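Source file: work_10.txt; contents: compact mmCIF, C-alpha atoms.
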```txt
# COMPACT_ATOMS: atom_id res chain seq x y z
CA MET A 216 -171.02 138.73 123.68
CA LYS A 217 -167.38 139.77 124.16
CA VAL A 218 -165.43 140.41 120.98
CA ARG A 219 -161.96 138.89 121.06
CA ALA A 220 -160.54 140.72 118.03
CA ASP A 221 -158.11 143.51 118.82
CA ALA A 222 -156.89 146.58 116.96
CA VAL A 223 -153.95 148.96 117.19
CA PRO A 224 -154.02 152.69 116.47
CA LEU A 225 -152.76 153.79 113.07
CA ASP A 226 -149.32 155.31 113.66
CA GLY A 227 -148.58 157.46 110.65
CA PRO A 228 -149.31 156.66 106.99
CA LEU A 229 -149.35 153.07 105.80
CA ALA A 230 -146.40 152.04 103.65
CA GLY A 231 -146.45 152.20 99.88
CA GLY A 232 -147.26 155.82 99.13
CA VAL A 233 -146.09 157.25 95.81
CA GLU A 234 -145.55 161.00 95.75
CA GLY A 235 -147.60 162.58 92.96
CA GLY A 236 -149.36 159.30 92.27
CA SER A 237 -152.97 158.63 91.41
CA VAL A 238 -155.19 155.56 91.52
CA ILE A 239 -157.67 153.58 89.46
CA VAL A 240 -161.10 152.80 90.93
CA GLU A 241 -163.31 149.88 89.91
CA PRO A 242 -166.82 149.62 91.42
CA ILE A 243 -167.99 146.12 92.30
CA GLU A 244 -171.58 145.09 92.94
CA ALA A 245 -171.40 142.54 95.74
CA GLY A 246 -175.00 141.65 96.51
CA ARG A 247 -178.45 143.17 96.73
CA ALA A 248 -180.45 144.60 99.62
CA HIS A 249 -184.24 144.48 99.82
CA PHE A 250 -185.95 146.99 102.11
CA PRO A 251 -189.04 149.23 102.22
CA PRO A 252 -188.22 152.42 100.28
CA ALA A 253 -189.14 154.68 103.21
CA LEU A 254 -186.36 153.16 105.31
CA PHE A 255 -183.83 154.93 103.09
CA GLU A 256 -185.88 158.00 102.14
CA LEU A 257 -188.54 158.73 104.73
CA GLU A 258 -191.71 159.70 102.91
CA PRO A 259 -194.40 160.61 103.43
CA PRO A 260 -193.28 162.44 106.59
CA GLY A 261 -194.80 161.66 109.94
CA LEU A 262 -196.27 158.50 111.39
CA ARG A 263 -197.41 157.05 108.07
CA GLY A 264 -193.90 157.28 106.63
CA LYS A 265 -192.38 155.71 109.75
CA MET A 266 -194.79 152.81 109.55
CA ARG A 267 -193.90 152.29 105.89
CA ALA A 268 -190.18 152.43 106.75
CA LEU A 269 -190.77 149.48 109.07
CA GLY A 270 -192.59 147.63 106.31
CA ILE A 271 -196.05 148.02 107.85
CA GLY A 272 -198.54 147.98 105.01
CA VAL A 273 -195.80 147.55 102.40
CA PRO A 274 -195.92 144.29 100.41
CA ARG A 275 -192.63 142.55 99.77
CA SER A 276 -193.16 143.15 96.06
CA ALA A 277 -192.91 146.92 96.73
CA TYR A 278 -189.55 146.73 98.51
CA SER A 279 -186.59 148.49 96.89
CA ASP A 280 -183.94 146.32 95.24
CA LEU A 281 -180.66 148.04 96.07
CA PRO A 282 -176.99 147.41 95.22
CA VAL A 283 -174.51 146.41 97.91
CA PRO A 284 -171.30 148.09 96.73
CA ALA A 285 -167.59 147.53 97.19
CA PHE A 286 -164.71 149.24 95.40
CA LEU A 287 -161.34 148.06 94.18
CA ILE A 288 -158.66 150.77 94.24
CA ARG A 289 -155.49 150.01 92.31
CA HIS A 290 -152.67 151.93 93.96
CA PRO A 291 -149.29 152.27 92.16
CA GLY A 292 -147.26 151.51 95.29
CA VAL A 293 -149.53 149.69 97.70
CA GLY A 294 -151.22 147.40 95.21
CA PRO A 295 -154.90 146.42 95.34
CA VAL A 296 -156.92 148.18 98.04
CA LEU A 297 -160.53 147.29 98.81
CA VAL A 298 -163.20 149.59 100.21
CA ASP A 299 -165.82 147.49 102.04
CA THR A 300 -166.22 143.78 101.41
CA GLY A 301 -169.75 143.27 100.10
CA LEU A 302 -171.65 140.13 101.06
CA HIS A 303 -169.93 136.90 102.03
CA PRO A 304 -169.99 134.15 99.35
CA SER A 305 -172.11 131.94 101.63
CA VAL A 306 -175.00 134.41 101.36
CA ALA A 307 -175.70 133.00 97.90
CA SER A 308 -176.80 129.69 99.42
CA ASP A 309 -177.71 130.48 103.03
CA PRO A 310 -177.95 134.18 103.99
CA ARG A 311 -178.64 133.38 107.64
CA GLN A 312 -175.28 131.66 108.11
CA ASN A 313 -173.34 134.91 107.78
CA LEU A 314 -175.96 137.61 108.34
CA GLY A 315 -178.11 136.03 111.03
CA ARG A 316 -181.74 135.00 110.91
CA LEU A 317 -183.25 138.52 110.81
CA ALA A 318 -180.81 140.35 108.52
CA GLY A 319 -180.62 137.34 106.24
CA ARG A 320 -184.17 138.06 105.11
CA TYR A 321 -183.13 141.37 103.56
CA PHE A 322 -180.08 140.50 101.45
CA SER A 323 -179.37 138.27 98.48
CA LEU A 324 -176.37 137.29 96.40
CA GLU A 325 -176.07 135.45 93.12
CA GLN A 326 -173.65 132.55 92.91
CA GLY A 327 -170.32 134.03 91.88
CA GLY A 328 -171.49 137.56 92.66
CA ASP A 329 -169.21 138.10 95.65
CA VAL A 330 -166.07 140.25 95.80
CA PRO A 331 -163.56 137.34 95.82
CA ALA A 332 -165.14 136.02 92.59
CA ALA A 333 -165.05 139.51 91.06
CA LEU A 334 -161.38 139.81 91.97
CA ARG A 335 -160.56 136.47 90.37
CA ALA A 336 -162.26 137.67 87.18
CA LYS A 337 -159.87 140.63 87.27
CA GLY A 338 -156.84 138.38 87.67
CA LEU A 339 -156.49 138.94 91.42
CA ARG A 340 -156.74 136.68 94.45
CA PRO A 341 -158.19 137.71 97.81
CA ALA A 342 -154.65 137.28 99.21
CA ASP A 343 -153.47 140.02 96.82
CA ILE A 344 -155.53 142.64 98.67
CA ALA A 345 -153.09 144.65 100.75
CA VAL A 346 -155.51 146.93 102.58
CA VAL A 347 -159.25 146.87 103.24
CA VAL A 348 -160.84 150.17 104.25
CA LEU A 349 -164.16 149.76 106.04
CA THR A 350 -166.48 152.74 105.81
CA HIS A 351 -168.23 151.15 108.80
CA LEU A 352 -168.96 147.71 110.18
CA HIS A 353 -172.64 147.18 109.42
CA HIS A 354 -173.74 143.81 108.01
CA ASP A 355 -173.51 144.60 104.32
CA HIS A 356 -170.14 146.36 104.51
CA ALA A 357 -168.27 143.90 106.74
CA SER A 358 -169.92 140.63 105.72
CA ALA A 359 -166.93 139.16 103.84
CA ILE A 360 -164.05 140.26 106.10
CA SER A 361 -163.15 136.61 106.68
CA GLU A 362 -162.17 136.25 103.00
CA PHE A 363 -159.18 138.63 103.29
CA PRO A 364 -156.99 137.31 106.12
CA GLU A 365 -153.78 138.72 104.63
CA ALA A 366 -155.00 142.32 104.50
CA VAL A 367 -154.63 145.23 106.87
CA PHE A 368 -158.11 146.40 107.87
CA VAL A 369 -158.62 150.11 108.47
CA VAL A 370 -161.59 151.31 110.53
CA SER A 371 -162.26 154.46 112.54
CA ALA A 372 -161.60 154.33 116.29
CA PRO A 373 -165.18 155.22 117.31
CA GLU A 374 -166.59 152.62 114.91
CA TRP A 375 -164.35 149.93 116.39
CA GLU A 376 -165.36 150.95 119.90
CA VAL A 377 -169.08 150.65 119.15
CA ALA A 378 -168.66 147.36 117.31
CA THR A 379 -166.47 145.66 119.90
CA GLU A 380 -167.02 147.28 123.30
CA ARG A 381 -170.64 148.45 123.42
CA PRO A 382 -173.01 145.50 122.94
CA LYS A 383 -176.13 147.60 123.52
CA ALA A 384 -175.20 149.86 120.61
CA ARG A 385 -174.62 147.05 118.12
CA LYS A 386 -177.82 147.37 116.13
CA GLY A 387 -176.80 146.70 112.53
CA TYR A 388 -173.59 144.91 113.56
CA ARG A 389 -172.76 141.22 113.64
CA PRO A 390 -169.53 140.53 115.58
CA ALA A 391 -169.10 137.11 113.97
CA GLN A 392 -168.27 138.93 110.74
CA TYR A 393 -165.24 140.74 112.15
CA ASP A 394 -164.23 138.86 115.30
CA PHE A 395 -161.01 137.45 113.86
CA GLY A 396 -157.36 137.76 114.83
CA PHE A 397 -156.67 139.84 111.75
CA ASP A 398 -154.53 142.97 111.37
CA TYR A 399 -156.93 145.77 112.36
CA VAL A 400 -155.78 149.38 112.68
CA THR A 401 -157.96 152.21 113.94
CA VAL A 402 -157.96 155.79 112.73
CA ASP A 403 -158.16 158.57 115.33
CA PHE A 404 -159.74 161.65 113.80
CA ASP A 405 -158.73 163.70 116.82
CA GLY A 406 -155.03 162.94 116.32
CA ASP A 407 -152.11 164.99 115.06
CA GLU A 408 -152.27 163.59 111.52
CA VAL A 409 -155.74 165.00 110.86
CA SER A 410 -156.25 167.82 108.37
CA SER A 411 -159.10 169.34 106.44
CA TYR A 412 -159.60 168.62 102.76
CA GLY A 413 -161.98 170.80 100.80
CA SER A 414 -165.19 171.00 102.81
CA PHE A 415 -164.33 167.94 104.90
CA GLY A 416 -163.25 169.06 108.34
CA ARG A 417 -161.35 165.94 109.43
CA THR A 418 -159.45 163.69 107.03
CA ILE A 419 -156.47 161.33 107.17
CA ASP A 420 -154.04 160.84 104.27
CA LEU A 421 -153.89 157.04 104.47
CA PHE A 422 -150.66 156.48 102.50
CA GLY A 423 -149.13 159.93 102.95
CA ASP A 424 -149.25 160.71 99.23
CA GLY A 425 -152.74 162.18 98.78
CA THR A 426 -154.04 159.22 96.77
CA VAL A 427 -156.50 157.91 99.36
CA ARG A 428 -157.98 160.13 102.04
CA LEU A 429 -160.34 158.98 104.76
CA ALA A 430 -162.95 161.57 105.71
CA PHE A 431 -164.69 161.34 109.07
CA THR A 432 -168.40 161.44 108.24
CA PRO A 433 -170.22 160.16 111.34
CA GLY A 434 -173.96 160.01 111.79
CA HIS A 435 -175.18 156.99 109.89
CA SER A 436 -173.01 155.09 112.35
CA GLU A 437 -170.95 156.68 115.09
CA GLY A 438 -167.65 156.11 113.32
CA HIS A 439 -168.61 156.21 109.64
CA MET A 440 -165.91 157.19 107.13
CA SER A 441 -166.05 158.20 103.48
CA VAL A 442 -163.14 157.60 101.10
CA ILE A 443 -161.68 160.15 98.68
CA ALA A 444 -159.57 158.55 95.94
CA ARG A 445 -157.45 160.73 93.67
CA LEU A 446 -157.79 159.97 89.99
CA PRO A 447 -155.39 161.74 87.59
CA ARG A 448 -157.89 164.55 86.85
CA ARG A 449 -160.46 164.51 89.65
CA ASP A 450 -161.48 162.92 92.90
CA PHE A 451 -163.66 159.85 93.25
CA VAL A 452 -165.64 160.02 96.50
CA ILE A 453 -167.03 156.83 98.00
CA ALA A 454 -169.71 158.39 100.17
CA GLY A 455 -170.73 155.20 101.92
CA ASP A 456 -174.00 155.63 103.74
CA VAL A 457 -173.76 159.38 104.29
CA ALA A 458 -176.15 159.55 101.35
CA TYR A 459 -178.00 156.41 100.36
CA THR A 460 -179.16 157.94 97.07
CA TRP A 461 -178.27 160.75 94.68
CA ARG A 462 -181.61 162.32 95.50
CA GLN A 463 -180.60 162.49 99.15
CA LEU A 464 -177.35 164.17 98.17
CA GLN A 465 -179.46 166.83 96.46
CA GLY A 466 -181.56 167.49 99.56
CA GLY A 467 -184.12 164.69 99.25
CA PRO A 468 -185.85 163.00 102.19
CA GLU A 469 -183.73 161.95 105.14
CA PRO A 470 -183.37 158.28 106.11
CA TYR A 471 -185.63 156.81 108.75
CA MET A 472 -182.72 155.84 111.02
CA ALA A 473 -179.36 157.35 111.95
CA ALA A 474 -177.13 156.66 114.93
CA ASP A 475 -176.71 160.42 115.37
CA ARG A 476 -178.98 162.54 113.19
CA HIS A 477 -177.23 165.81 114.01
CA ASN A 478 -173.85 164.43 112.92
CA TRP A 479 -175.44 162.75 109.91
CA ARG A 480 -176.71 166.14 108.73
CA ARG A 481 -173.32 167.73 109.29
CA SER A 482 -171.63 164.97 107.29
CA LEU A 483 -174.18 165.28 104.49
CA HIS A 484 -173.63 169.05 104.36
CA GLU A 485 -169.86 168.51 104.06
CA LEU A 486 -170.46 166.11 101.18
CA GLN A 487 -172.86 168.51 99.47
CA ALA A 488 -170.42 171.41 99.88
CA PHE A 489 -167.63 169.31 98.36
CA ARG A 490 -169.77 168.58 95.35
CA GLN A 491 -170.59 172.28 94.95
CA ALA A 492 -166.94 173.34 95.25
CA TYR A 493 -165.63 170.59 92.94
CA PRO A 494 -168.37 169.86 90.38
CA TYR A 495 -166.20 167.47 88.37
CA THR A 496 -165.77 165.18 91.36
CA LEU A 497 -167.59 161.86 91.08
CA ILE A 498 -169.52 161.14 94.27
CA VAL A 499 -171.03 157.68 94.58
CA PRO A 500 -173.95 157.35 97.03
CA GLY A 501 -174.31 154.24 99.13
CA HIS A 502 -177.22 152.24 97.71
CA ASP A 503 -178.82 154.03 94.77
CA PRO A 504 -180.48 151.53 92.37
CA GLU A 505 -180.72 154.13 89.59
CA PHE A 506 -177.25 155.64 89.99
CA TRP A 507 -175.33 152.38 90.29
CA PRO A 508 -176.00 151.01 86.75
CA LYS A 509 -174.68 154.28 85.28
CA LEU A 510 -171.23 153.75 86.75
CA GLU A 511 -168.40 152.64 84.49
CA ASP A 512 -166.46 149.45 85.18
CA ARG A 513 -163.21 151.35 85.63
CA TYR A 514 -162.19 154.93 86.41
CA GLU A 515 -158.64 155.93 85.59
CA GLU A 516 -158.83 159.61 84.69
```
Could you quickly redo this structure as structure tokens?
Amino acid sequence: MKVRADAVPLDGPLAGGVEGGSVIVEPIEAGRAHFPPALFELEPPGLRGKMRALGIGVPRSAYSDLPVPAFLIRHPGVGPVLVDTGLHPSVASDPRQNLGRLAGRYFSLEQGGDVPAALRAKGLRPADIAVVVLTHLHHDHASAISEFPEAVFVVSAPEWEVATERPKARKGYRPAQYDFGFDYVTVDFDGDEVSSYGSFGRTIDLFGDGTVRLAFTPGHSEGHMSVIARLPRRDFVIAGDVAYTWRQLQGGPEPYMAADRHNWRRSLHELQAFRQAYPYTLIVPGHDPEFWPKLEDRYEE
């Protein structure tokens, strides 16, 4: 299937930066995922663990019930910025419509549990979202792209290449979720605007003011990014799927699958080193069912 959507390279920071500014971050639960636990943390090791990761011998009642996260960032100059989109509102009634027949079996959404509904409860409309940063384009992160046609979508260049130009590498992707004539820009982490930040070797200052940095953390997918948001007193790191769980961030079992395991380990080590160097930083793993309920509704300091 040929993807018709197009993207242009990011040429310098996006408009709206505020020198010396900081942001507010509000986590949003935007669906649930249901998978065998060993898919995210491979244990026991070896063949038995791999079989369990694929659900062989694991009853549906033993599957993990995991959050599908998104994040609202309130920027003083740009306005509302979204990180990932959560599940599309239609998943509440017919998961297969948006996710496809296979993936639709593994996700669920309560009526009114989608990101657009959460935004309306906060006094915002989907059209108010100025920028959507996509950590990557897998089903659960890109599902609701269609709901934000007025936004600028930011994705890494290698992620866009895999998702749009390499059909054989599209496992975990669904082009129908992002194949729109929207305003996509790609980030080149080999370009002149790249700099290190803490332990992260390649980052981009998205608005040129230090408030939102994109860190290149490939491995889970070939173009995965993490997002570092600057609160007034510390950083808030949206790890994405570099670490599914807090336990993994602490050296727990690796996931069953990774697009590039070597790069995944490198990205995880960068994240771990950042946590060690800056212990007051809040790092949010991708799909931790125990960590997620402990998060506050709003972070502004």
What's around range 310-319 of chain A at 10 Å? Count all atoms listed in the file, leave out sequence neighbours fewer than 4 positions away in its own chain, and write the answer as a list in words.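 So the residues in contact are Ala248, Leu302, His303, Pro304, Ser305, Val306, Ser323, Leu324, His354, Asp355, Ser358, Ala359, Gly387, Tyr388, Arg389, Ala391 and Gln392 of chain A.
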Residues near range 365-378 of chain A, anyone? I mean within 7 Å using all atoms listed in the file, not counting same-chain ones fewer than 5 positions away, as a list in words. Ala342, Ile344, Ala345, Val346, Val347, Val348, Leu349, Thr350, His351, Ala384, Arg385, Tyr388, Asp398, Tyr399, Val400, Thr401, Val402, Asp403, Glu437, Gly438 and His439 of chain A
Write out as JSON lines a residue-level contact list of range 386-468 of chain A versus range 493-500 of chain A with cut-off 9 Å: for each qualifying residue the closest pair of atoms and the distance in Å to one decimal, counting all atoms listed in the file, rows sorted by chain and residue number upward.
```
{"residue": "A:Gly413", "atom": "CA", "partner": "A:Tyr493", "partner_atom": "CA", "distance": 8.7}
{"residue": "A:Arg448", "atom": "CA", "partner": "A:Tyr495", "partner_atom": "CA", "distance": 8.9}
{"residue": "A:Arg449", "atom": "CA", "partner": "A:Thr496", "partner_atom": "CA", "distance": 5.6}
{"residue": "A:Asp450", "atom": "CA", "partner": "A:Thr496", "partner_atom": "CA", "distance": 5.1}
{"residue": "A:Phe451", "atom": "CA", "partner": "A:Leu497", "partner_atom": "CA", "distance": 4.9}
{"residue": "A:Val452", "atom": "CA", "partner": "A:Ile498", "partner_atom": "CA", "distance": 4.6}
{"residue": "A:Ile453", "atom": "CA", "partner": "A:Val499", "partner_atom": "CA", "distance": 5.3}
{"residue": "A:Ala454", "atom": "CA", "partner": "A:Pro500", "partner_atom": "CA", "distance": 5.4}
{"residue": "A:Gly455", "atom": "CA", "partner": "A:Pro500", "partner_atom": "CA", "distance": 6.2}
{"residue": "A:Asp456", "atom": "CA", "partner": "A:Pro500", "partner_atom": "CA", "distance": 6.9}
{"residue": "A:Val457", "atom": "CA", "partner": "A:Pro500", "partner_atom": "CA", "distance": 7.5}
{"residue": "A:Ala458", "atom": "CA", "partner": "A:Pro500", "partner_atom": "CA", "distance": 5.3}
{"residue": "A:Tyr459", "atom": "CA", "partner": "A:Pro500", "partner_atom": "CA", "distance": 5.3}
{"residue": "A:Thr460", "atom": "CA", "partner": "A:Pro500", "partner_atom": "CA", "distance": 5.2}
{"residue": "A:Trp461", "atom": "CA", "partner": "A:Pro500", "partner_atom": "CA", "distance": 6.0}
{"residue": "A:Gln463", "atom": "CA", "partner": "A:Pro500", "partner_atom": "CA", "distance": 8.7}
{"residue": "A:Leu464", "atom": "CA", "partner": "A:Pro500", "partner_atom": "CA", "distance": 7.7}
```
Have a look at CA of His477 in chain A and CA of Leu421 in chain A and let me know their distance in Å, one decimal.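 Straight-line distance from CA of His477 in chain A to CA of Leu421 in chain A works out to 26.7 Å.
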Atom-to-atom span, CA of Asp299 in chain A and CA of Gly501 in chain A, Å: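 These atoms are spaced 11.2 Å apart.
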Do you have, as JSON lines, the list of residues of range 277-319 of chain A lying at most 10 Å from range 223-232 of chain A, each with its nearest atom pair and that distance in Å to one decimal, counting all atoms listed in the file and ordered by chain then number?
```
{"residue": "A:His290", "atom": "CA", "partner": "A:Gly232", "partner_atom": "CA", "distance": 8.4}
{"residue": "A:Pro291", "atom": "CA", "partner": "A:Gly232", "partner_atom": "CA", "distance": 8.1}
{"residue": "A:Gly292", "atom": "CA", "partner": "A:Gly231", "partner_atom": "CA", "distance": 4.7}
{"residue": "A:Val293", "atom": "CA", "partner": "A:Gly231", "partner_atom": "CA", "distance": 4.5}
{"residue": "A:Gly294", "atom": "CA", "partner": "A:Gly231", "partner_atom": "CA", "distance": 8.2}
```
How big is the axis-aligned box around the listed atoms of range 228-242 of chain A once 3 Å is added on each side, and where is its centre? Give both in Å to one decimal, as JSON.
```
{"center_x": -156.2, "center_y": 156.1, "center_z": 98.2, "size_x": 27.3, "size_y": 19.0, "size_z": 23.5}
```
CA of Val240 in chain A to CA of Ser308 in chain A, distance in Å rounded to a single decimal: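 Pair CA of Val240 in chain A / CA of Ser308 in chain A returns 29.2 Å.
Residue neighbourhood of range 233-239 of chain A, excluding near-sequence residues (fewer than 5 positions): Leu287, Ile288, Arg289, His290, Pro291, Gly292, Val293, Phe422, Gly423, Asp424, Gly425, Thr426, Val427, Ala444, Arg445, Leu446, Pro447, Arg448, Arg513, Tyr514, Glu515 and Glu516 of chain A, at 9 Å, using all atoms listed in the file.
Proximity ranking of A:Phe395, A:Phe415, A:Tyr471, A:Phe404 relative to Pro252 in chain A places A:Tyr471 first, based on all atoms listed in the file.
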Tell me, as a PDB file with C-alpha atoms, in the coordinates of the input, which residues lie within 12 Å of Arg275 in chain A, counting only C-alpha atoms; anything in the same chain fewer than 5 positions away does not count.
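The resulting file, selection-v2.pdb, is reproduced below:
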```
ATOM      1  CA  HIS A 249    -184.240 144.480  99.820  1.00  0.00           C
ATOM      2  CA  PHE A 250    -185.950 146.990 102.110  1.00  0.00           C
ATOM      3  CA  PRO A 251    -189.040 149.230 102.220  1.00  0.00           C
ATOM      4  CA  PRO A 252    -188.220 152.420 100.280  1.00  0.00           C
ATOM      5  CA  ARG A 267    -193.900 152.290 105.890  1.00  0.00           C
ATOM      6  CA  LEU A 269    -190.770 149.480 109.070  1.00  0.00           C
ATOM      7  CA  GLY A 270    -192.590 147.630 106.310  1.00  0.00           C
ATOM      8  CA  ASP A 280    -183.940 146.320  95.240  1.00  0.00           C
ATOM      9  CA  ARG A 320    -184.170 138.060 105.110  1.00  0.00           C
ATOM     10  CA  TYR A 321    -183.130 141.370 103.560  1.00  0.00           C
TER      11      TYR A 321
END
```
Choose the residue, out of A:Arg219, A:His502, A:Arg476, A:His353, that has the smallest atom-to-atom separation from Ala245 in chain A; count all atoms listed in the file. A:His502
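Take the candidates A:Ser361, A:Ser411, A:Asn478, A:Thr379 and check each one against Gly396 in chain A using only C-alpha atoms; the shortest distance goes to A:Ser361.
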